[in-house]
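Novice: Dumping the structure here so I can ask a few things about it.
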Amino acid sequence: MLIFFSVIVAGGFLIAFIWSVKSGQFDDKYTPSVRMLFEDKSDEKLYKNTSNKEIKN
Amino acid sequence: MVNQTESKQDKVHKCYHCGNNCNDNISINGKIFCCKGCKSTYEILENKNLCEYYKLKKQPGIKPDIFSFNKFRFLENADVASKLYDFEDNNIATLTLYIPSIHCTSCIWLLENLNTLNPGVMLSRVNFPEKKLFVKINKNIITVKQLFELLYSVGYEPLAEKPEEDKTKPSRKKLYYKIGIAGFCFGNIMLLSFPEYLSGFGLDAEYKTVFGFLNILFAIPLLYCASDYFISAYKGIRNKFINIDVPIALGLLIVFSRSLYEIISGIGAGYFDSLSGLVFFLLIGKLLQIKTYDTLNFERNYKSYLPIAVSLVTTEGIKIVPLEQIKKGNRILVRNNEIVPADCILFKGNGNIDYSFVNGESLPVEKVLGEIIYAGGKQIGSSIELEVIRDISHSYLTQLWNDETFKKEEKNKFSDFADFIGKNFTIGVFIVVFLTAIYWFPINIDRGLNAIIAVLIIACPCAFALSIPFAFGNSMKIFGRNKFYIKNINVIERLAKINRIIFDKTGTITYSNKSDVSFVGRELTQEEKDTIKSLVKNSTHPYSRVINEYLHSVKLFSSEYYKEYLGKGIAGIINEKLVKIGSMEFVYNNLPNTENSSLVYFPELDLLRFKENNSTADKDAKLINKNSSRVYLSINTEIVGYFEIKNKYKTGLRKIISELKKKFRLSVLSGDTSAERDNLEEIFGQDAEILFNRAAQEKLDYIKNLQEKNYKCLMVGDGLNDAGALKQSNVGISVVDNINSFSPACDGIMESDTLNLLPSILDFAKANLTVLKISFSFSLFYNLIGMYFAVSGMLSPLVAAVLMPISSISVVLLAIFSTNFFAKKYKLL
């Protein structure tokens, strides 16, 4: 029984893999690694605003 | 006490934007720039608060060209613009642009923040390895032309052509699927096989069936995963040819059927574990086989060289039309630095055509009214009006591409050596099978059958087949580190078999942008040098730039008057002197022969002669010298002398040619005139074949000729005039100054300086074959061990499962270490 379930779980992962290849995740493996290091614009503005508030206080 | 440590020289500042040296004083906000272009790019970014660009990487910018203002005018034409779209509807359009100057993190950051610069850009995403930008624009806010101008203004000029659809993409995706599935099956089968290994032989019958059944279930997808091998083996056999995939496919099939049989009939546990591991590793090797450089294009042809749109002269004025709409009889306008798109006759204007990329002539050719100008030439000078006399597809340039060599299929056989091994291996295996049969059948037919099947199972050149992509893949990476980029790993083996090398002259063994300059005339004072340099500094003409670099100045003057006469020369009033520099006619115009001249012109003899004997002078200087270009100089009324500008051979050329001479026969094919013959014979020696005035088709035929005499040819070239030869030769290498510039279809792209490594590269390629032989011997060794078990009937799944990964991994590691060893030996690593 256990084996049966583990096979299903493994199969689920396989399907996820195939889905990701299909949707183009593996077309560009390099750029996302760089992209995640960029700071978010909205975070920046928020950060600036809060630090300004602190200075005012 | 005076501080003595201050140096007298000025510190050279680096441009804040692009990192080049700053000669002039251009600055803003305390930051120094090398030119106005960099400064204005900085200002654009600063205004929009995008200075993060400079924080991610120092000096990330690219120095912008100052050439043309209306560069992207042709995009105003809706047809041309819409050809670039991937998708469009009423409001939105998406495009994928190839931007060769993408090179760092800052580039990615800036390009993905384009919507800050213009809200019409809804989405922009960079694909860094391929240097492509995917953009989604709102057509109502921004047009394609404006998008291009925006990208150009921040230094990221896109190419105005749709990037070619990557042909390897779909096969790569399919390979990923197969690897994923194979990995999945491999992992699960191994997991389910453990009980078999660990329990000895006392496994419960019930579990045995369950595990057996599951093994079969997971093994069936493997047939799909290994389909490439089956198809390739079938194709080979159908063409009566045994390639390396035949023994592999045979082995896989037999293992599969035997294991199926064993499990269903309950005899044994099957060999699915070895099978799945094998398929998985083989597929990983295949991934390496199709590896190529995404950012480079090895397939460019004349279509990417010609402009995408042309200015058509009509009764209503000048219209921009796409290239395909140009027909015979049209009148077109070609401006300075633009490329002539079709064979034409000069109708209006002064033609000064640079054919260097097309037929290798290094000097521009003057054309008069009514003369034919061929497609592919670049106009240097004022705009000219031309009448098209042949359709684009029938021009002289495209004729070359109709040669059958371009229609032939890719020189893409995986590996001759591998196929050789495959054939002999298969034969060897069948001999062993035969001998085994003879040995066992008289004794015990059953065991004999088992033994035969075991032999067929275990005998596999798989380790060897794996080592090829890994060894070659590693070599490809080593080449890449040395700035030599090959199209795929198949090139290496062809490189190893080369026995004849053919060089193009202009741009390949000479610098196309640097020249040897010498000044012939009387001695120039430093002040005069400063004056001349101040004059030529303003000009973008290639000769002006060369002279500018040649002269060292202490101080620069501003020019009170400056005028450039395109095609003739430059005149200016600098430092209260009238300085003229340019062609003979231009400089001599209205200047009498006075006692001040060091050069005297004898019109009746059509000769220039030096007045006194001068150590740097020619005796009889001929007026028109095809060997070099002369730029005459006059200051006020005196004709001071001339700058002689000659082909500059690449540094290190003599050394590599003397090394290559020893092992290969060499040839030089040039489209230029034979003026350089003496120099070339001195460098290449008497043995080399040096030919001039060779057109593109003649170069191709020359190589064909050599191949008929069984030579394996390597062609090293750079321009369109080498395109046919590059394609026809066994290996064609394109030498470029900048890997993003255009190079015709070839097997490898090499940066200019890497040419010095050519002897080492060829030695290393040969060494790769030695590595293959070593790895084959090793794999043979493992096969023999396996055969011992098989022939004696002792083969069990456990033995197979142990032997297979050990042999594969060790042979792969050996291949990688050997290639690294040879790379170090030849100083490539």
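Here's how to read the names in the structure tokens: chain A, B, ... by the order shown, residue numbers from 1 in each chain, ligand numbers from 1 in the order shown.
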Residues of chain A near chain B: apply a cut-off of 10 Å, count only C-alpha atoms, and supply the list as a ChimeraX atom specification.
Specialist: /A:3-4,6-7,10-11,13-15,17-22,24,26-32,34-35,37-39,41
Novice: Write a file of the just-selected residues containing C-alpha atoms, as a PDB file, in the first residue's frame.
Specialist:
```pdb
ATOM      1  CA  ILE A   3       4.563   1.634  -2.160  1.00  0.00           C
ATOM      2  CA  PHE A   4       1.475   2.500  -4.097  1.00  0.00           C
ATOM      3  CA  SER A   6       4.891   6.675  -2.826  1.00  0.00           C
ATOM      4  CA  VAL A   7       4.649   5.877  -6.508  1.00  0.00           C
ATOM      5  CA  ALA A  10       6.769  10.428  -7.218  1.00  0.00           C
ATOM      6  CA  GLY A  11       4.539  10.526 -10.265  1.00  0.00           C
ATOM      7  CA  PHE A  13       6.733  15.264  -9.074  1.00  0.00           C
ATOM      8  CA  LEU A  14       7.353  13.924 -12.526  1.00  0.00           C
ATOM      9  CA  ILE A  15       4.265  15.651 -13.796  1.00  0.00           C
ATOM     10  CA  PHE A  17       8.731  18.556 -13.897  1.00  0.00           C
ATOM     11  CA  ILE A  18       7.190  17.964 -17.297  1.00  0.00           C
ATOM     12  CA  TRP A  19       4.884  20.890 -16.767  1.00  0.00           C
ATOM     13  CA  SER A  20       7.775  23.199 -15.899  1.00  0.00           C
ATOM     14  CA  VAL A  21       9.783  22.162 -18.943  1.00  0.00           C
ATOM     15  CA  LYS A  22       6.736  22.772 -21.093  1.00  0.00           C
ATOM     16  CA  GLY A  24       9.680  27.271 -20.521  1.00  0.00           C
ATOM     17  CA  PHE A  26      14.413  25.634 -18.487  1.00  0.00           C
ATOM     18  CA  ASP A  27      14.817  27.901 -21.468  1.00  0.00           C
ATOM     19  CA  ASP A  28      16.810  30.406 -19.520  1.00  0.00           C
ATOM     20  CA  LYS A  29      18.520  29.066 -16.451  1.00  0.00           C
ATOM     21  CA  TYR A  30      20.763  32.001 -15.756  1.00  0.00           C
ATOM     22  CA  THR A  31      18.771  35.218 -15.698  1.00  0.00           C
ATOM     23  CA  PRO A  32      16.332  34.381 -12.877  1.00  0.00           C
ATOM     24  CA  VAL A  34      20.418  37.401 -11.217  1.00  0.00           C
ATOM     25  CA  ARG A  35      16.947  38.849 -11.241  1.00  0.00           C
ATOM     26  CA  LEU A  37      19.014  39.927  -6.380  1.00  0.00           C
ATOM     27  CA  PHE A  38      17.428  43.139  -7.531  1.00  0.00           C
ATOM     28  CA  GLU A  39      15.648  45.258  -5.011  1.00  0.00           C
ATOM     29  CA  LYS A  41      10.975  49.234  -6.375  1.00  0.00           C
TER      30      LYS A  41
END
```
Novice: Could you check how far CA of Cys18 (chain B) sits from CA of Glu161 (chain B), in Å to one decimal?
Specialist: 26.3 Å
Novice: When you look at Glu644 (chain B) with a cut-off of 9 Å (counting only C-alpha atoms), what residues show up, excluding the ones that are within fewer than 3 positions of it in the same chain? I need them as a list in words.
Specialist: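 Neighbouring residues, sequence-local ones excluded: Asp516, Val517, Ser518, Phe519, Val520, Ser628, Ser629, Arg630, Val631 and Tyr632 of chain B.
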Novice: Please produce an output containing N, CA, C and O atoms for each residue in the selection, written as a PDB file, in the first residue's frame.
Specialist:
```pdb
ATOM      1  N   ASP B 516      49.667  50.456 -40.179  1.00  0.00           N
ATOM      2  CA  ASP B 516      51.035  50.949 -39.995  1.00  0.00           C
ATOM      3  C   ASP B 516      51.124  52.328 -40.593  1.00  0.00           C
ATOM      4  O   ASP B 516      50.850  52.525 -41.773  1.00  0.00           O
ATOM      5  N   VAL B 517      51.499  53.289 -39.773  1.00  0.00           N
ATOM      6  CA  VAL B 517      51.593  54.651 -40.293  1.00  0.00           C
ATOM      7  C   VAL B 517      53.033  55.108 -40.233  1.00  0.00           C
ATOM      8  O   VAL B 517      53.719  54.859 -39.253  1.00  0.00           O
ATOM      9  N   SER B 518      53.460  55.750 -41.279  1.00  0.00           N
ATOM     10  CA  SER B 518      54.757  56.420 -41.179  1.00  0.00           C
ATOM     11  C   SER B 518      54.635  57.744 -41.912  1.00  0.00           C
ATOM     12  O   SER B 518      53.828  57.889 -42.827  1.00  0.00           O
ATOM     13  N   PHE B 519      55.409  58.682 -41.501  1.00  0.00           N
ATOM     14  CA  PHE B 519      55.341  59.977 -42.160  1.00  0.00           C
ATOM     15  C   PHE B 519      56.568  60.153 -43.042  1.00  0.00           C
ATOM     16  O   PHE B 519      57.693  59.966 -42.604  1.00  0.00           O
ATOM     17  N   VAL B 520      56.329  60.484 -44.297  1.00  0.00           N
ATOM     18  CA  VAL B 520      57.430  60.671 -45.228  1.00  0.00           C
ATOM     19  C   VAL B 520      57.490  62.142 -45.582  1.00  0.00           C
ATOM     20  O   VAL B 520      56.543  62.704 -46.129  1.00  0.00           O
ATOM     21  N   SER B 628      49.681  51.081 -50.613  1.00  0.00           N
ATOM     22  CA  SER B 628      49.358  51.786 -49.388  1.00  0.00           C
ATOM     23  C   SER B 628      48.497  52.966 -49.732  1.00  0.00           C
ATOM     24  O   SER B 628      48.213  53.222 -50.884  1.00  0.00           O
ATOM     25  N   SER B 629      48.088  53.645 -48.745  1.00  0.00           N
ATOM     26  CA  SER B 629      47.336  54.852 -48.999  1.00  0.00           C
ATOM     27  C   SER B 629      48.159  56.022 -48.519  1.00  0.00           C
ATOM     28  O   SER B 629      48.802  55.945 -47.483  1.00  0.00           O
ATOM     29  N   ARG B 630      48.136  57.069 -49.263  1.00  0.00           N
ATOM     30  CA  ARG B 630      48.909  58.244 -48.869  1.00  0.00           C
ATOM     31  C   ARG B 630      47.982  59.371 -48.542  1.00  0.00           C
ATOM     32  O   ARG B 630      47.075  59.693 -49.301  1.00  0.00           O
ATOM     33  N   VAL B 631      48.227  59.972 -47.404  1.00  0.00           N
ATOM     34  CA  VAL B 631      47.446  61.120 -46.988  1.00  0.00           C
ATOM     35  C   VAL B 631      48.418  62.291 -46.932  1.00  0.00           C
ATOM     36  O   VAL B 631      49.305  62.329 -46.081  1.00  0.00           O
ATOM     37  N   TYR B 632      48.233  63.218 -47.875  1.00  0.00           N
ATOM     38  CA  TYR B 632      49.192  64.321 -47.985  1.00  0.00           C
ATOM     39  C   TYR B 632      48.874  65.417 -47.000  1.00  0.00           C
ATOM     40  O   TYR B 632      47.744  65.565 -46.543  1.00  0.00           O
TER      41      TYR B 632
END
```
Novice: Measuring between only C-alpha atoms, which one of B:Tyr511, B:Lys766, B:Asn721, B:Ile453 shows the shortest distance to Ala790 (chain B)?
Specialist: B:Ile453
Novice: Would you mind reading off the distance between CA of Ile244 (chain B) and CA of Ala418 (chain B), one decimal, in Å?
Specialist: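 Computing the Euclidean distance for CA of Ile244 (chain B) and CA of Ala418 (chain B) yields 5.8 Å.
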Novice: Would you kindly return, as a CSV table (one decimal) with all heavy atoms, in the first residue's frame, each protein, DNA or RNA residue with an atom no farther than 12 Å from any atom of Gly212 (chain B), considering only C-alpha atoms and excluding same-chain residues fewer than 4 positions away?
Specialist:
```csv
chain,number,residue,atom,x,y,z
B,189,ILE,N,13.4,2.6,-9.9
B,189,ILE,CA,13.8,1.2,-10.1
B,189,ILE,C,14.9,0.8,-9.1
B,189,ILE,O,14.9,-0.3,-8.6
B,189,ILE,CB,14.3,0.9,-11.6
B,189,ILE,CG1,13.1,1.1,-12.5
B,189,ILE,CG2,14.9,-0.4,-11.7
B,189,ILE,CD1,13.4,0.9,-13.9
B,192,LEU,N,13.5,0.1,-5.9
B,192,LEU,CA,12.8,-1.2,-5.8
B,192,LEU,C,13.7,-2.4,-6.0
B,192,LEU,O,13.3,-3.5,-5.8
B,192,LEU,CB,11.7,-1.2,-6.9
B,192,LEU,CG,10.6,-0.2,-6.6
B,192,LEU,CD1,9.7,0.0,-7.8
B,192,LEU,CD2,9.8,-0.6,-5.4
B,193,SER,N,15.0,-2.1,-6.4
B,193,SER,CA,15.9,-3.2,-6.7
B,193,SER,C,16.7,-3.6,-5.4
B,193,SER,O,17.3,-4.6,-5.3
B,193,SER,CB,16.8,-2.9,-7.8
B,193,SER,OG,16.1,-2.8,-9.0
B,194,PHE,N,16.7,-2.7,-4.5
B,194,PHE,CA,17.5,-2.9,-3.3
B,194,PHE,C,17.1,-4.2,-2.5
B,194,PHE,O,18.0,-4.9,-2.1
B,194,PHE,CB,17.5,-1.7,-2.4
B,194,PHE,CG,18.7,-0.8,-2.6
B,194,PHE,CD1,18.7,0.2,-3.5
B,194,PHE,CD2,19.8,-1.1,-1.9
B,194,PHE,CE1,19.8,1.0,-3.7
B,194,PHE,CE2,21.0,-0.3,-2.1
B,194,PHE,CZ,20.9,0.7,-3.0
B,195,PRO,N,15.8,-4.4,-2.4
B,195,PRO,CA,15.5,-5.7,-1.7
B,195,PRO,C,16.1,-6.9,-2.3
B,195,PRO,O,16.6,-7.8,-1.7
B,195,PRO,CB,14.0,-5.7,-1.8
B,195,PRO,CG,13.5,-4.3,-2.1
B,195,PRO,CD,14.7,-3.6,-2.7
B,196,GLU,N,16.2,-6.8,-3.7
B,196,GLU,CA,16.7,-7.9,-4.4
B,196,GLU,C,18.2,-8.1,-4.0
B,196,GLU,O,18.7,-9.2,-3.8
B,196,GLU,CB,16.6,-7.6,-5.9
B,196,GLU,CG,17.4,-8.5,-6.8
B,196,GLU,CD,16.9,-9.9,-6.9
B,196,GLU,OE1,15.7,-10.1,-6.8
B,196,GLU,OE2,17.8,-10.8,-7.1
B,203,LEU,N,14.0,-14.0,-1.1
B,203,LEU,CA,12.9,-13.0,-1.1
B,203,LEU,C,11.6,-13.7,-1.2
B,203,LEU,O,11.4,-14.7,-1.9
B,203,LEU,CB,13.1,-12.1,-2.3
B,203,LEU,CG,12.4,-10.8,-2.3
B,203,LEU,CD1,12.7,-10.0,-1.0
B,203,LEU,CD2,12.6,-10.0,-3.5
B,204,ASP,N,10.6,-13.2,-0.4
B,204,ASP,CA,9.3,-13.7,-0.5
B,204,ASP,C,8.7,-13.7,-1.9
B,204,ASP,O,8.8,-12.6,-2.5
B,204,ASP,CB,8.4,-12.9,0.5
B,204,ASP,CG,7.9,-13.7,1.7
B,204,ASP,OD1,8.2,-14.9,1.7
B,204,ASP,OD2,7.3,-13.1,2.6
B,205,ALA,N,8.0,-14.7,-2.2
B,205,ALA,CA,7.5,-14.8,-3.6
B,205,ALA,C,6.5,-13.7,-3.9
B,205,ALA,O,6.5,-13.1,-4.9
B,205,ALA,CB,6.8,-16.2,-3.7
B,206,GLU,N,5.7,-13.3,-2.8
B,206,GLU,CA,4.7,-12.3,-3.1
B,206,GLU,C,5.4,-11.0,-3.4
B,206,GLU,O,5.1,-10.3,-4.4
B,206,GLU,CB,3.9,-12.1,-1.8
B,206,GLU,CG,2.6,-11.3,-2.0
B,206,GLU,CD,2.0,-11.2,-0.7
B,206,GLU,OE1,1.4,-12.1,-0.2
B,206,GLU,OE2,2.1,-10.0,-0.1
B,207,TYR,N,6.4,-10.6,-2.6
B,207,TYR,CA,7.1,-9.4,-2.8
B,207,TYR,C,7.8,-9.4,-4.2
B,207,TYR,O,7.9,-8.4,-4.9
B,207,TYR,CB,8.1,-9.1,-1.7
B,207,TYR,CG,7.5,-8.6,-0.4
B,207,TYR,CD1,7.9,-9.2,0.8
B,207,TYR,CD2,6.5,-7.7,-0.5
B,207,TYR,CE1,7.3,-8.7,1.9
B,207,TYR,CE2,5.9,-7.3,0.7
B,207,TYR,CZ,6.3,-7.8,1.9
B,207,TYR,OH,5.7,-7.4,3.1
B,208,LYS,N,8.3,-10.6,-4.5
B,208,LYS,CA,9.1,-10.7,-5.7
B,208,LYS,C,8.2,-10.2,-6.9
B,208,LYS,O,8.6,-9.5,-7.8
B,208,LYS,CB,9.5,-12.1,-5.9
B,208,LYS,CG,11.0,-12.2,-6.2
B,208,LYS,CD,11.3,-13.7,-6.4
B,208,LYS,CE,12.8,-13.8,-6.9
B,208,LYS,NZ,13.3,-15.1,-6.9
B,216,ILE,N,8.9,-3.5,-14.1
B,216,ILE,CA,8.5,-3.5,-15.5
B,216,ILE,C,7.8,-2.2,-15.8
B,216,ILE,O,8.0,-1.5,-16.8
B,216,ILE,CB,7.5,-4.6,-15.8
B,216,ILE,CG1,8.3,-6.0,-15.7
B,216,ILE,CG2,7.0,-4.5,-17.2
B,216,ILE,CD1,7.4,-7.1,-16.0
B,217,LEU,N,6.9,-1.8,-14.8
B,217,LEU,CA,6.1,-0.5,-15.0
B,217,LEU,C,7.1,0.7,-15.2
B,217,LEU,O,6.8,1.5,-16.1
B,217,LEU,CB,5.3,-0.3,-13.8
B,217,LEU,CG,4.2,0.8,-13.9
B,217,LEU,CD1,3.2,0.3,-14.9
B,217,LEU,CD2,3.5,1.0,-12.5
B,218,PHE,N,8.1,0.7,-14.4
B,218,PHE,CA,9.0,1.9,-14.5
B,218,PHE,C,10.0,1.7,-15.7
B,218,PHE,O,10.6,2.7,-16.1
B,218,PHE,CB,9.8,2.0,-13.2
B,218,PHE,CG,9.0,2.6,-12.1
B,218,PHE,CD1,8.8,2.0,-10.9
B,218,PHE,CD2,8.5,3.9,-12.3
B,218,PHE,CE1,8.1,2.6,-9.9
B,218,PHE,CE2,7.7,4.5,-11.3
B,218,PHE,CZ,7.5,3.8,-10.1
B,219,ALA,N,10.1,0.5,-16.2
B,219,ALA,CA,11.0,0.4,-17.3
B,219,ALA,C,10.4,0.7,-18.6
B,219,ALA,O,11.2,1.0,-19.6
B,219,ALA,CB,11.6,-1.1,-17.3
B,259,SER,N,15.1,-9.1,-19.5
B,259,SER,CA,14.6,-8.8,-18.1
B,259,SER,C,13.1,-9.0,-18.1
B,259,SER,O,12.6,-9.6,-17.1
B,259,SER,CB,14.9,-7.3,-17.8
B,259,SER,OG,16.2,-7.0,-18.0
B,260,LEU,N,12.4,-8.6,-19.1
B,260,LEU,CA,10.9,-8.8,-19.2
B,260,LEU,C,10.6,-10.3,-19.0
B,260,LEU,O,9.8,-10.7,-18.2
B,260,LEU,CB,10.4,-8.3,-20.5
B,260,LEU,CG,8.9,-7.9,-20.6
B,260,LEU,CD1,8.6,-6.9,-19.6
B,260,LEU,CD2,8.6,-7.5,-22.0
B,261,TYR,N,11.3,-11.0,-19.8
B,261,TYR,CA,11.2,-12.5,-19.8
B,261,TYR,C,11.4,-13.1,-18.5
B,261,TYR,O,10.7,-13.9,-17.9
B,261,TYR,CB,12.0,-13.1,-20.9
B,261,TYR,CG,12.2,-14.6,-20.8
B,261,TYR,CD1,11.0,-15.4,-21.1
B,261,TYR,CD2,13.3,-15.2,-20.5
B,261,TYR,CE1,11.1,-16.8,-21.0
B,261,TYR,CE2,13.4,-16.6,-20.4
B,261,TYR,CZ,12.3,-17.4,-20.7
B,261,TYR,OH,12.4,-18.7,-20.6
B,262,GLU,N,12.5,-12.6,-17.9
B,262,GLU,CA,12.9,-13.2,-16.6
B,262,GLU,C,11.9,-12.9,-15.5
B,262,GLU,O,11.5,-13.8,-14.7
B,262,GLU,CB,14.3,-12.6,-16.1
B,262,GLU,CG,15.5,-13.3,-16.7
B,262,GLU,CD,16.8,-12.9,-16.0
B,262,GLU,OE1,16.7,-12.2,-15.0
B,262,GLU,OE2,17.8,-13.2,-16.6
B,263,ILE,N,11.4,-11.7,-15.5
B,263,ILE,CA,10.4,-11.4,-14.4
B,263,ILE,C,9.1,-12.1,-14.6
B,263,ILE,O,8.5,-12.6,-13.7
B,263,ILE,CB,10.2,-9.8,-14.4
B,263,ILE,CG1,11.5,-9.2,-13.9
B,263,ILE,CG2,9.1,-9.5,-13.4
B,263,ILE,CD1,11.4,-7.7,-13.7
B,264,ILE,N,8.6,-12.1,-15.9
B,264,ILE,CA,7.3,-12.7,-16.1
B,264,ILE,C,7.4,-14.2,-15.8
B,264,ILE,O,6.4,-14.8,-15.2
B,264,ILE,CB,6.9,-12.4,-17.5
B,264,ILE,CG1,6.6,-10.9,-17.7
B,264,ILE,CG2,5.6,-13.3,-17.9
B,264,ILE,CD1,6.1,-10.6,-19.1
B,265,SER,N,8.5,-14.8,-16.2
B,265,SER,CA,8.5,-16.2,-16.0
B,265,SER,C,9.1,-16.6,-14.7
B,265,SER,O,9.2,-17.7,-14.3
B,265,SER,CB,9.4,-16.9,-17.1
B,265,SER,OG,10.7,-16.3,-17.0
B,266,GLY,N,9.5,-15.5,-13.9
B,266,GLY,CA,9.9,-15.8,-12.5
B,266,GLY,C,11.3,-16.4,-12.4
B,266,GLY,O,11.7,-16.8,-11.3
B,267,ILE,N,12.0,-16.4,-13.5
B,267,ILE,CA,13.4,-16.9,-13.4
B,267,ILE,C,14.3,-16.0,-12.5
B,267,ILE,O,15.1,-16.5,-11.7
B,267,ILE,CB,14.0,-17.1,-14.8
B,267,ILE,CG1,13.2,-18.0,-15.6
B,267,ILE,CG2,15.4,-17.6,-14.6
B,267,ILE,CD1,13.7,-18.2,-17.0
B,268,GLY,N,14.3,-14.8,-12.9
B,268,GLY,CA,15.2,-13.9,-12.2
B,268,GLY,C,14.6,-12.5,-11.9
B,268,GLY,O,13.4,-12.3,-12.1
B,269,ALA,N,15.5,-11.6,-11.6
B,269,ALA,CA,14.9,-10.3,-11.2
B,269,ALA,C,15.1,-9.3,-12.3
B,269,ALA,O,14.7,-8.1,-12.2
B,269,ALA,CB,15.6,-9.8,-10.0
B,270,GLY,N,15.7,-9.6,-13.4
B,270,GLY,CA,15.9,-8.7,-14.5
B,270,GLY,C,17.0,-7.7,-14.3
B,270,GLY,O,17.5,-7.6,-13.2
B,271,TYR,N,17.3,-7.0,-15.3
B,271,TYR,CA,18.4,-6.1,-15.3
B,271,TYR,C,18.0,-4.7,-15.5
B,271,TYR,O,18.7,-3.8,-16.0
B,271,TYR,CB,19.4,-6.4,-16.4
B,271,TYR,CG,20.0,-7.8,-16.3
B,271,TYR,CD1,19.4,-8.9,-16.9
B,271,TYR,CD2,21.1,-8.0,-15.5
B,271,TYR,CE1,19.9,-10.1,-16.8
B,271,TYR,CE2,21.6,-9.3,-15.4
B,271,TYR,CZ,21.0,-10.4,-16.0
B,271,TYR,OH,21.5,-11.6,-15.9
B,272,PHE,N,16.7,-4.4,-15.1
B,272,PHE,CA,16.2,-3.0,-15.3
B,272,PHE,C,17.0,-2.0,-14.6
B,272,PHE,O,17.0,-0.8,-15.1
B,272,PHE,CB,14.7,-3.0,-14.9
B,272,PHE,CG,13.8,-3.6,-15.9
B,272,PHE,CD1,12.8,-4.5,-15.5
B,272,PHE,CD2,13.9,-3.4,-17.3
B,272,PHE,CE1,12.0,-5.1,-16.4
B,272,PHE,CE2,13.1,-4.0,-18.2
B,272,PHE,CZ,12.1,-4.9,-17.7
B,273,ASP,N,17.6,-2.3,-13.5
B,273,ASP,CA,18.4,-1.3,-12.8
B,273,ASP,C,19.5,-0.8,-13.6
B,273,ASP,O,19.8,0.4,-13.7
B,273,ASP,CB,18.8,-1.8,-11.4
B,273,ASP,CG,19.3,-3.2,-11.5
B,273,ASP,OD1,19.4,-3.8,-12.6
B,273,ASP,OD2,19.6,-3.8,-10.4
```
Novice: Counting only C-alpha atoms, what is within 12 Å of Gly30 (chain B), bar same-chain residues fewer than 3 positions away, as number ranges by chain?
Specialist: B: 15-16, 25-27, 33, 39
Novice: Suppose we keep N, CA and C atoms; can you now write the selection as a PDB file, in the first residue's frame?
Specialist:
```pdb
ATOM      1  N   CYS B  15      36.058  56.841 -17.598  1.00  0.00           N
ATOM      2  CA  CYS B  15      34.686  57.307 -17.747  1.00  0.00           C
ATOM      3  C   CYS B  15      33.775  56.600 -16.746  1.00  0.00           C
ATOM      4  N   TYR B  16      32.933  57.359 -16.067  1.00  0.00           N
ATOM      5  CA  TYR B  16      32.038  56.796 -15.061  1.00  0.00           C
ATOM      6  C   TYR B  16      31.025  55.845 -15.686  1.00  0.00           C
ATOM      7  N   ASN B  25      37.608  67.034 -20.947  1.00  0.00           N
ATOM      8  CA  ASN B  25      37.057  67.309 -19.634  1.00  0.00           C
ATOM      9  C   ASN B  25      35.541  67.398 -19.660  1.00  0.00           C
ATOM     10  N   ILE B  26      34.887  66.269 -19.700  1.00  0.00           N
ATOM     11  CA  ILE B  26      33.435  66.291 -19.728  1.00  0.00           C
ATOM     12  C   ILE B  26      32.961  65.748 -18.397  1.00  0.00           C
ATOM     13  N   SER B  27      32.272  66.558 -17.634  1.00  0.00           N
ATOM     14  CA  SER B  27      31.835  66.041 -16.343  1.00  0.00           C
ATOM     15  C   SER B  27      30.557  66.705 -15.900  1.00  0.00           C
ATOM     16  N   PHE B  33      33.269  61.843 -17.667  1.00  0.00           N
ATOM     17  CA  PHE B  33      32.880  60.985 -18.787  1.00  0.00           C
ATOM     18  C   PHE B  33      33.835  61.153 -19.947  1.00  0.00           C
ATOM     19  N   LYS B  39      27.868  60.900 -21.286  1.00  0.00           N
ATOM     20  CA  LYS B  39      27.320  61.869 -20.338  1.00  0.00           C
ATOM     21  C   LYS B  39      25.813  61.963 -20.486  1.00  0.00           C
TER      22      LYS B  39
END
```
Novice: Find the residues around Gly370 (chain B) up to 7 Å (only C-alpha atoms counted), leave out those fewer than 3 positions away in its own chain, and share them as an MDAnalysis selection string.
Specialist: chainID B and resid 345:347
Novice: How would the residues just chosen look if you wrote them out with N, CA, C and O atoms as an mmCIF file, in the first residue's frame?
Specialist:
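What follows is the written file selection.cif:
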```cif
data_model
loop_
_atom_site.group_PDB
_atom_site.id
_atom_site.type_symbol
_atom_site.label_atom_id
_atom_site.label_comp_id
_atom_site.auth_asym_id
_atom_site.auth_seq_id
_atom_site.Cartn_x
_atom_site.Cartn_y
_atom_site.Cartn_z
ATOM 1 N N ILE B 345 23.305 50.736 -60.708
ATOM 2 C CA ILE B 345 24.171 51.642 -61.458
ATOM 3 C C ILE B 345 24.137 52.984 -60.736
ATOM 4 O O ILE B 345 23.082 53.414 -60.261
ATOM 5 N N LEU B 346 25.279 53.629 -60.668
ATOM 6 C CA LEU B 346 25.339 54.923 -60.005
ATOM 7 C C LEU B 346 24.653 55.963 -60.865
ATOM 8 O O LEU B 346 24.984 56.162 -62.033
ATOM 9 N N PHE B 347 23.671 56.608 -60.249
ATOM 10 C CA PHE B 347 22.862 57.552 -61.008
ATOM 11 C C PHE B 347 23.189 58.997 -60.672
ATOM 12 O O PHE B 347 23.209 59.871 -61.517
#
```
